[in-house]
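A short worksheet on the structure shown next.
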Amino acid sequence: MIFYLVLPFFALVFLVFQTMILDLFFLGKMSLEISLILVIFAGFYMDAMRGGIMAFVLGFLLDCITGSITGIFAFYYVSVFFVSRIVSNRVYAESVFFIGLFTFFCVLCEGLLVTLIYRFIHGVDISFHLFRVYLPQAIVAGVLSPAFFTFFSRFEVLRDVGES
Amino acid sequence: MFFPKKYHAVTIASILIVLSLVILSFNLKRPDEVGFVRKLVMEVAAPIESLITGTFEGIRGVWKRYIFLVGVEDENRSLKKKVDSLTNEIIRYREAYLESTRLKEHLSLRESQRMPMVSARVVGKENSSIFKTILINKGTADGMKAGLAVISVEGVVGRIVESSWNVSRVLLAIDYNSNIDAMIQGTRSQGILQGGGAMGCNLKYVERSEEVKVGDAVLTSGMGGIFPKGLLIGTVVSVDRKDSGLFQKIEVMPAVYFSRLEEVSVILPEEKPL
């Protein structure tokens, strides 16, 4: 129960911190969504209830913080979480190569989703962004994701939650 | 739980996905409405962002003041030269300003300084690759609402897109969703200034026949009803007429340095006499 009570606050602090830190390093030219890597990690190791709700809360708060239409990231994060769960049940998900590749794919899909939303809802074509921003972003996230997985797994609480 | 354990994950997945889709479709139908939870998140996020920003600004300040001192002497020398030339320039501009003030009074035009404004402090920034917004510490309690123009001493900042009770989100002029009616100062040719993310802005729909030069100032045209006429938005940094279209491609560097914004002014709507 404590998990659900503290989740919104810690998720908010995590997302704000993520935004600030990345802005400091990349000056808004690129972003690294550690929250998405966390959702993939949760998909691999956490149970459906807690992981699903965590993905939803993270996505919803990201919607609020970025100022995008509410529901976009909530929907995408929940989808990524359950796809990660399905995939991790069927393949050997501990491999560094697989983690990197899967993260790369998820970031690219997010870029595609954002591009489509801008195209069909706002009427703005940012398709060039897919290659200029999201592709390098996906590569960086893919390369760094195994390190983040190791970092997240240090938090034994998350692991314990997944195993319980 | 109420459902069989076998279908536990599937049920949760279905509930969460349907819930997020319901939220999404609701917000797509009513994009201008800011929900209670979203307002609450903005209220809670603002002080956290302010705290973290303050900490980082402090660290950055220490870095700049005490560590990053390489080449300061050269910079100092070149700055002194710049000060001399700028002083001359200021004198010329002052003359031009006095002349324009006299003309404006003569024509009984409304000056921008007479507009009711509210000052606000920047308490948070969202500067990812796609979304470019800031949070300011004024909300509906201070008369803020979506659509109000936000400016700074340097020029146009953007417009408010959502407000909670004490915090408002400002869509910066460089966000892809931002469209501002603009004009080139010299030629008076009008167009739409669209945000271009980290690359600045693009002035669209300016005909190829118009003589636009690098360095030309880009101002608000006053069309569209959000920004008053004549506010500085930026300067032209590149002009491309090579494309075979009706319009030229103009890149604009905003006058405002968005990552250094600390204080802004929100232009309030003028009260119309009954």
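So you can find residues: chains in the structure tokens are A, B, ... in the order shown, residues in each start at 1, and ligands are numbered from 1 in order.
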inquiry  = So that I can check the surroundings of Glu57 in chain B, please list as a list in words every protein, DNA and RNA residue that reaches within 12 Å of it, counting only C-alpha atoms and ignoring chain neighbours fewer than 3 positions away.
reply    =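 Here the qualifying residues turn out to be Met20, Ile21 and Leu24 of chain A; Glu49, Ser50, Leu51, Ile52, Thr53, Gly54, Arg60, Gly61, Val62, Trp63, Lys64, Arg65, Ser259, Arg260, Leu261 and Glu262 of chain B.
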Export of prior selection with C-alpha atoms as a PDB file, in the first residue's frame:
```
ATOM      1  CA  MET A  20      16.392  19.396 -15.243  1.00  0.00           C
ATOM      2  CA  ILE A  21      19.465  17.172 -15.401  1.00  0.00           C
ATOM      3  CA  LEU A  24      21.746  20.889 -18.146  1.00  0.00           C
TER       4      LEU A  24
ATOM      5  CA  GLU B  49      11.241  22.522 -10.266  1.00  0.00           C
ATOM      6  CA  SER B  50      12.018  25.857  -8.666  1.00  0.00           C
ATOM      7  CA  LEU B  51      14.107  24.175  -5.976  1.00  0.00           C
ATOM      8  CA  ILE B  52      16.064  22.025  -8.429  1.00  0.00           C
ATOM      9  CA  THR B  53      16.522  24.917 -10.877  1.00  0.00           C
ATOM     10  CA  GLY B  54      17.783  27.121  -8.039  1.00  0.00           C
ATOM     11  CA  ARG B  60      26.392  26.958 -12.587  1.00  0.00           C
ATOM     12  CA  GLY B  61      27.067  30.381 -11.067  1.00  0.00           C
ATOM     13  CA  VAL B  62      29.936  29.046  -8.953  1.00  0.00           C
ATOM     14  CA  TRP B  63      31.384  27.350 -12.050  1.00  0.00           C
ATOM     15  CA  LYS B  64      31.220  30.528 -14.091  1.00  0.00           C
ATOM     16  CA  ARG B  65      32.550  32.845 -11.385  1.00  0.00           C
ATOM     17  CA  SER B 259      17.289  29.122 -21.119  1.00  0.00           C
ATOM     18  CA  ARG B 260      18.273  32.257 -19.161  1.00  0.00           C
ATOM     19  CA  LEU B 261      14.751  33.560 -18.629  1.00  0.00           C
ATOM     20  CA  GLU B 262      14.061  34.498 -15.045  1.00  0.00           C
TER      21      GLU B 262
END
```
Residue neighbourhood Tyr205 in chain B, 8 Å, only C-alpha atoms, exclusion window fewer than 6 positions, as a list in words: Gln190, Gly191, Ile192, Phe247 and Gln248 of chain B
I'd like the contact shell of Val167 in chain B - 6 Å cut-off, only C-alpha atoms, skipping same-chain residues fewer than 5 positions apart - returned as a PyMOL selection string. chain B and resi 136-139
Residues of chain B within 9 Å of chain A, counting only C-alpha atoms, what are they? List them as JSON, numbers by chain.
{"B": [8, 9, 10, 12, 13, 16, 17, 18, 19, 20, 21, 22, 23, 24, 25, 26, 27, 28, 31, 37, 38, 39, 41, 42, 44, 45, 48, 49, 52, 53, 56, 124, 125, 126, 127, 128, 129, 130, 131, 132, 133, 161, 162, 169, 171, 176, 177, 197, 198, 199, 259]}
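Relative to CA of Val57 in chain A, CA of Ser14 in chain B is found at 15.7 Å.
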- Quick one: pull the distance between CA of Ala146 in chain B and CA of Trp165 in chain B, Å, one decimal.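 Answer for the CA of Ala146 in chain B to CA of Trp165 in chain B separation: 12.5 Å.
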In Å and to one decimal, CA of Leu135 in chain A is distant from CA of Val236 in chain B by 29.2 Å
Output as a PyMOL selection string all residues of range 52-147 of chain A that backbone DSSP marks as alpha helix (DSSP H). chain A and resi 52-66+72-90+96-117+127-129+135-147
- Near Arg188 in chain B, within 12 Å and counting only C-alpha atoms, which residues show up once chain neighbours fewer than 2 positions away are dropped, as a PyMOL selection string? chain B and resi 182-186+190-191+206-207+210-212+216-221+229-230
Deliver the residues from the most recent selection as a file, using all heavy atoms, as a compact mmCIF listing (two decimals), in the first residue's frame.
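Result file out_3.txt:
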```
# COMPACT_ATOMS: atom_id res chain seq x y z
N ALA B 182 3.79 37.56 -37.70
CA ALA B 182 4.98 38.39 -37.61
C ALA B 182 5.20 39.19 -38.90
O ALA B 182 4.55 38.93 -39.92
CB ALA B 182 6.20 37.52 -37.33
N MET B 183 6.13 40.14 -38.81
CA MET B 183 6.49 40.91 -40.01
C MET B 183 7.95 41.33 -39.94
O MET B 183 8.52 41.41 -38.85
CB MET B 183 5.59 42.14 -40.16
CG MET B 183 5.78 43.14 -39.06
SD MET B 183 4.72 44.55 -39.36
CE MET B 183 5.08 45.56 -37.95
N ILE B 184 8.52 41.53 -41.10
CA ILE B 184 9.91 42.01 -41.16
C ILE B 184 9.87 43.53 -40.98
O ILE B 184 9.07 44.21 -41.62
CB ILE B 184 10.53 41.67 -42.54
CG1 ILE B 184 10.41 40.17 -42.84
CG2 ILE B 184 11.96 42.17 -42.64
CD1 ILE B 184 11.39 39.28 -42.15
N GLN B 185 10.74 44.03 -40.11
CA GLN B 185 10.67 45.45 -39.79
C GLN B 185 10.90 46.35 -41.02
O GLN B 185 10.16 47.29 -41.25
CB GLN B 185 11.69 45.80 -38.71
CG GLN B 185 11.50 47.20 -38.17
CD GLN B 185 12.52 47.56 -37.11
OE1 GLN B 185 13.67 47.12 -37.18
NE2 GLN B 185 12.10 48.32 -36.14
N GLY B 186 11.93 46.02 -41.80
CA GLY B 186 12.29 46.88 -42.92
C GLY B 186 11.27 46.86 -44.04
O GLY B 186 10.78 47.91 -44.47
N GLN B 190 4.68 40.42 -44.24
CA GLN B 190 4.12 39.64 -43.14
C GLN B 190 4.18 38.14 -43.38
O GLN B 190 4.19 37.68 -44.52
CB GLN B 190 2.67 40.05 -42.91
CG GLN B 190 2.57 41.51 -42.48
CD GLN B 190 1.20 41.90 -42.02
OE1 GLN B 190 0.27 41.11 -42.06
NE2 GLN B 190 1.06 43.14 -41.60
N GLY B 191 4.20 37.40 -42.31
CA GLY B 191 4.22 35.95 -42.39
C GLY B 191 3.84 35.34 -41.06
O GLY B 191 3.41 36.04 -40.15
N VAL B 206 6.28 34.12 -46.52
CA VAL B 206 6.76 35.41 -47.03
C VAL B 206 7.11 35.19 -48.50
O VAL B 206 7.90 34.29 -48.83
CB VAL B 206 8.01 35.90 -46.25
CG1 VAL B 206 8.55 37.19 -46.87
CG2 VAL B 206 7.66 36.13 -44.79
N GLU B 207 6.51 35.98 -49.35
CA GLU B 207 6.66 35.76 -50.80
C GLU B 207 8.11 35.90 -51.25
O GLU B 207 8.87 36.68 -50.68
CB GLU B 207 5.76 36.74 -51.55
CG GLU B 207 4.30 36.36 -51.43
CD GLU B 207 3.39 37.37 -52.09
OE1 GLU B 207 3.86 38.11 -52.97
OE2 GLU B 207 2.21 37.41 -51.72
N GLU B 210 9.74 39.33 -51.98
CA GLU B 210 10.07 40.26 -50.89
C GLU B 210 11.57 40.25 -50.62
O GLU B 210 12.18 39.18 -50.55
CB GLU B 210 9.33 39.87 -49.59
CG GLU B 210 7.83 39.91 -49.70
CD GLU B 210 7.26 41.30 -49.64
OE1 GLU B 210 8.02 42.27 -49.44
OE2 GLU B 210 6.02 41.43 -49.79
N GLU B 211 12.14 41.43 -50.44
CA GLU B 211 13.59 41.55 -50.20
C GLU B 211 13.89 41.41 -48.71
O GLU B 211 13.86 42.38 -47.96
CB GLU B 211 14.08 42.91 -50.70
CG GLU B 211 14.51 42.92 -52.15
CD GLU B 211 15.67 41.98 -52.45
OE1 GLU B 211 16.63 41.95 -51.66
OE2 GLU B 211 15.59 41.25 -53.48
N VAL B 212 14.16 40.21 -48.29
CA VAL B 212 14.47 39.99 -46.87
C VAL B 212 15.97 39.73 -46.75
O VAL B 212 16.54 38.95 -47.51
CB VAL B 212 13.67 38.78 -46.32
CG1 VAL B 212 13.99 38.58 -44.84
CG2 VAL B 212 12.18 39.00 -46.51
N ASP B 216 17.75 41.39 -40.55
CA ASP B 216 16.49 42.14 -40.43
C ASP B 216 15.77 41.76 -39.14
O ASP B 216 15.74 40.58 -38.77
CB ASP B 216 15.56 41.81 -41.62
CG ASP B 216 15.92 42.62 -42.85
OD1 ASP B 216 16.80 43.49 -42.73
OD2 ASP B 216 15.35 42.34 -43.93
N ALA B 217 15.18 42.73 -38.49
CA ALA B 217 14.43 42.45 -37.27
C ALA B 217 13.05 41.91 -37.61
O ALA B 217 12.42 42.36 -38.57
CB ALA B 217 14.31 43.71 -36.44
N VAL B 218 12.60 40.93 -36.83
CA VAL B 218 11.26 40.37 -37.02
C VAL B 218 10.40 40.79 -35.83
O VAL B 218 10.77 40.57 -34.68
CB VAL B 218 11.32 38.83 -37.12
CG1 VAL B 218 9.92 38.25 -37.30
CG2 VAL B 218 12.22 38.40 -38.26
N LEU B 219 9.25 41.42 -36.13
CA LEU B 219 8.37 41.94 -35.09
C LEU B 219 7.00 41.29 -35.17
O LEU B 219 6.65 40.71 -36.20
CB LEU B 219 8.19 43.46 -35.25
CG LEU B 219 9.42 44.33 -35.48
CD1 LEU B 219 8.97 45.75 -35.77
CD2 LEU B 219 10.33 44.30 -34.27
N THR B 220 6.24 41.43 -34.09
CA THR B 220 4.86 40.94 -34.15
C THR B 220 4.06 41.89 -35.04
O THR B 220 4.28 43.10 -35.03
CB THR B 220 4.23 40.93 -32.74
OG1 THR B 220 4.43 42.20 -32.14
CG2 THR B 220 4.85 39.86 -31.87
N SER B 221 3.14 41.32 -35.80
CA SER B 221 2.39 42.15 -36.75
C SER B 221 1.10 42.70 -36.15
O SER B 221 0.46 43.57 -36.71
CB SER B 221 2.07 41.35 -38.01
OG SER B 221 1.15 40.35 -37.70
N LYS B 229 1.09 44.82 -31.72
CA LYS B 229 1.97 45.09 -32.85
C LYS B 229 3.32 45.67 -32.40
O LYS B 229 3.37 46.44 -31.44
CB LYS B 229 1.28 46.08 -33.79
CG LYS B 229 1.97 46.27 -35.11
CD LYS B 229 1.16 47.18 -35.98
CE LYS B 229 1.84 47.37 -37.32
NZ LYS B 229 1.06 48.22 -38.21
N GLY B 230 4.38 45.26 -33.07
CA GLY B 230 5.67 45.91 -32.89
C GLY B 230 6.60 45.34 -31.85
O GLY B 230 7.63 45.92 -31.56
```
Query raised in the report: If you run DSSP on the backbone, which residues of range 182-240 of chain B are strand (DSSP E), as an MDAnalysis selection string?
Result: chainID B and resid 182:184 190:195 201:204 217:220 232:240
Mind dumping the selected residues with N, CA and C atoms as a JSON list (two decimals), in the first residue's frame?
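After the write, out.json holds the following:
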```
[["chain", "number", "residue", "atom", "x", "y", "z"],
["B", 182, "ALA", "N", 3.79, 37.56, -37.70],
["B", 182, "ALA", "CA", 4.98, 38.39, -37.61],
["B", 182, "ALA", "C", 5.20, 39.19, -38.90],
["B", 183, "MET", "N", 6.13, 40.14, -38.81],
["B", 183, "MET", "CA", 6.49, 40.91, -40.01],
["B", 183, "MET", "C", 7.95, 41.33, -39.94],
["B", 184, "ILE", "N", 8.52, 41.53, -41.10],
["B", 184, "ILE", "CA", 9.91, 42.01, -41.16],
["B", 184, "ILE", "C", 9.87, 43.53, -40.98],
["B", 190, "GLN", "N", 4.68, 40.42, -44.24],
["B", 190, "GLN", "CA", 4.12, 39.64, -43.14],
["B", 190, "GLN", "C", 4.18, 38.14, -43.38],
["B", 191, "GLY", "N", 4.20, 37.40, -42.31],
["B", 191, "GLY", "CA", 4.22, 35.95, -42.39],
["B", 191, "GLY", "C", 3.84, 35.34, -41.06],
["B", 192, "ILE", "N", 4.00, 34.03, -40.97],
["B", 192, "ILE", "CA", 3.70, 33.34, -39.71],
["B", 192, "ILE", "C", 5.03, 32.78, -39.18],
["B", 193, "LEU", "N", 5.34, 33.13, -37.96],
["B", 193, "LEU", "CA", 6.56, 32.65, -37.35],
["B", 193, "LEU", "C", 6.25, 31.36, -36.59],
["B", 194, "GLN", "N", 6.82, 30.28, -37.10],
["B", 194, "GLN", "CA", 6.56, 28.99, -36.45],
["B", 194, "GLN", "C", 7.81, 28.53, -35.70],
["B", 195, "GLY", "N", 7.59, 27.94, -34.50],
["B", 195, "GLY", "CA", 8.71, 27.44, -33.71],
["B", 195, "GLY", "C", 9.43, 26.32, -34.43],
["B", 201, "CYS", "N", 13.39, 29.59, -34.96],
["B", 201, "CYS", "CA", 12.05, 29.72, -35.55],
["B", 201, "CYS", "C", 12.16, 29.85, -37.07],
["B", 202, "ASN", "N", 11.05, 29.61, -37.74],
["B", 202, "ASN", "CA", 10.99, 29.79, -39.19],
["B", 202, "ASN", "C", 9.86, 30.76, -39.53],
["B", 203, "LEU", "N", 10.20, 31.74, -40.35],
["B", 203, "LEU", "CA", 9.17, 32.68, -40.79],
["B", 203, "LEU", "C", 8.60, 32.16, -42.10],
["B", 204, "LYS", "N", 7.33, 31.80, -42.05],
["B", 204, "LYS", "CA", 6.72, 31.17, -43.23],
["B", 204, "LYS", "C", 5.80, 32.14, -43.99],
["B", 217, "ALA", "N", 15.18, 42.73, -38.49],
["B", 217, "ALA", "CA", 14.43, 42.45, -37.27],
["B", 217, "ALA", "C", 13.05, 41.91, -37.61],
["B", 218, "VAL", "N", 12.60, 40.93, -36.83],
["B", 218, "VAL", "CA", 11.26, 40.37, -37.02],
["B", 218, "VAL", "C", 10.40, 40.79, -35.83],
["B", 219, "LEU", "N", 9.25, 41.42, -36.13],
["B", 219, "LEU", "CA", 8.37, 41.94, -35.09],
["B", 219, "LEU", "C", 7.00, 41.29, -35.17],
["B", 220, "THR", "N", 6.24, 41.43, -34.09],
["B", 220, "THR", "CA", 4.86, 40.94, -34.15],
["B", 220, "THR", "C", 4.06, 41.89, -35.04],
["B", 232, "LEU", "N", 9.47, 42.95, -30.51],
["B", 232, "LEU", "CA", 10.59, 42.25, -31.16],
["B", 232, "LEU", "C", 10.51, 40.75, -30.90],
["B", 233, "ILE", "N", 10.63, 39.97, -31.96],
["B", 233, "ILE", "CA", 10.65, 38.50, -31.80],
["B", 233, "ILE", "C", 12.07, 37.98, -32.01],
["B", 234, "GLY", "N", 12.76, 38.49, -33.02],
["B", 234, "GLY", "CA", 14.11, 38.01, -33.27],
["B", 234, "GLY", "C", 14.69, 38.65, -34.51],
["B", 235, "THR", "N", 15.78, 38.06, -35.01],
["B", 235, "THR", "CA", 16.40, 38.59, -36.22],
["B", 235, "THR", "C", 16.58, 37.47, -37.24],
["B", 236, "VAL", "N", 16.56, 37.85, -38.49],
["B", 236, "VAL", "CA", 16.71, 36.89, -39.58],
["B", 236, "VAL", "C", 18.16, 36.40, -39.61],
["B", 237, "VAL", "N", 18.35, 35.08, -39.61],
["B", 237, "VAL", "CA", 19.72, 34.55, -39.67],
["B", 237, "VAL", "C", 20.04, 33.88, -41.02],
["B", 238, "SER", "N", 18.99, 33.47, -41.73],
["B", 238, "SER", "CA", 19.25, 32.93, -43.07],
["B", 238, "SER", "C", 18.01, 33.06, -43.95],
["B", 239, "VAL", "N", 18.26, 33.31, -45.22],
["B", 239, "VAL", "CA", 17.18, 33.44, -46.18],
["B", 239, "VAL", "C", 17.49, 32.51, -47.35],
["B", 240, "ASP", "N", 16.51, 31.69, -47.73],
["B", 240, "ASP", "CA", 16.73, 30.74, -48.82],
["B", 240, "ASP", "C", 15.62, 30.89, -49.85]]
```
Of B:Asn166, B:Glu73, B:Asp84, B:Ile90, the one nearest to Ala46 in chain B when counting only C-alpha atoms is B:Asn166
Closest of A:Ile86, A:Val140, A:Val6, A:Ser127 to Leu113 in chain A, counting only C-alpha atoms, is A:Ser127
Check your understanding: Counting only C-alpha atoms, what is within 7 Å of Val150 in chain B, bar same-chain residues fewer than 3 positions away, as a PyMOL selection string?
Key -> chain B and resi 156-159+264-267
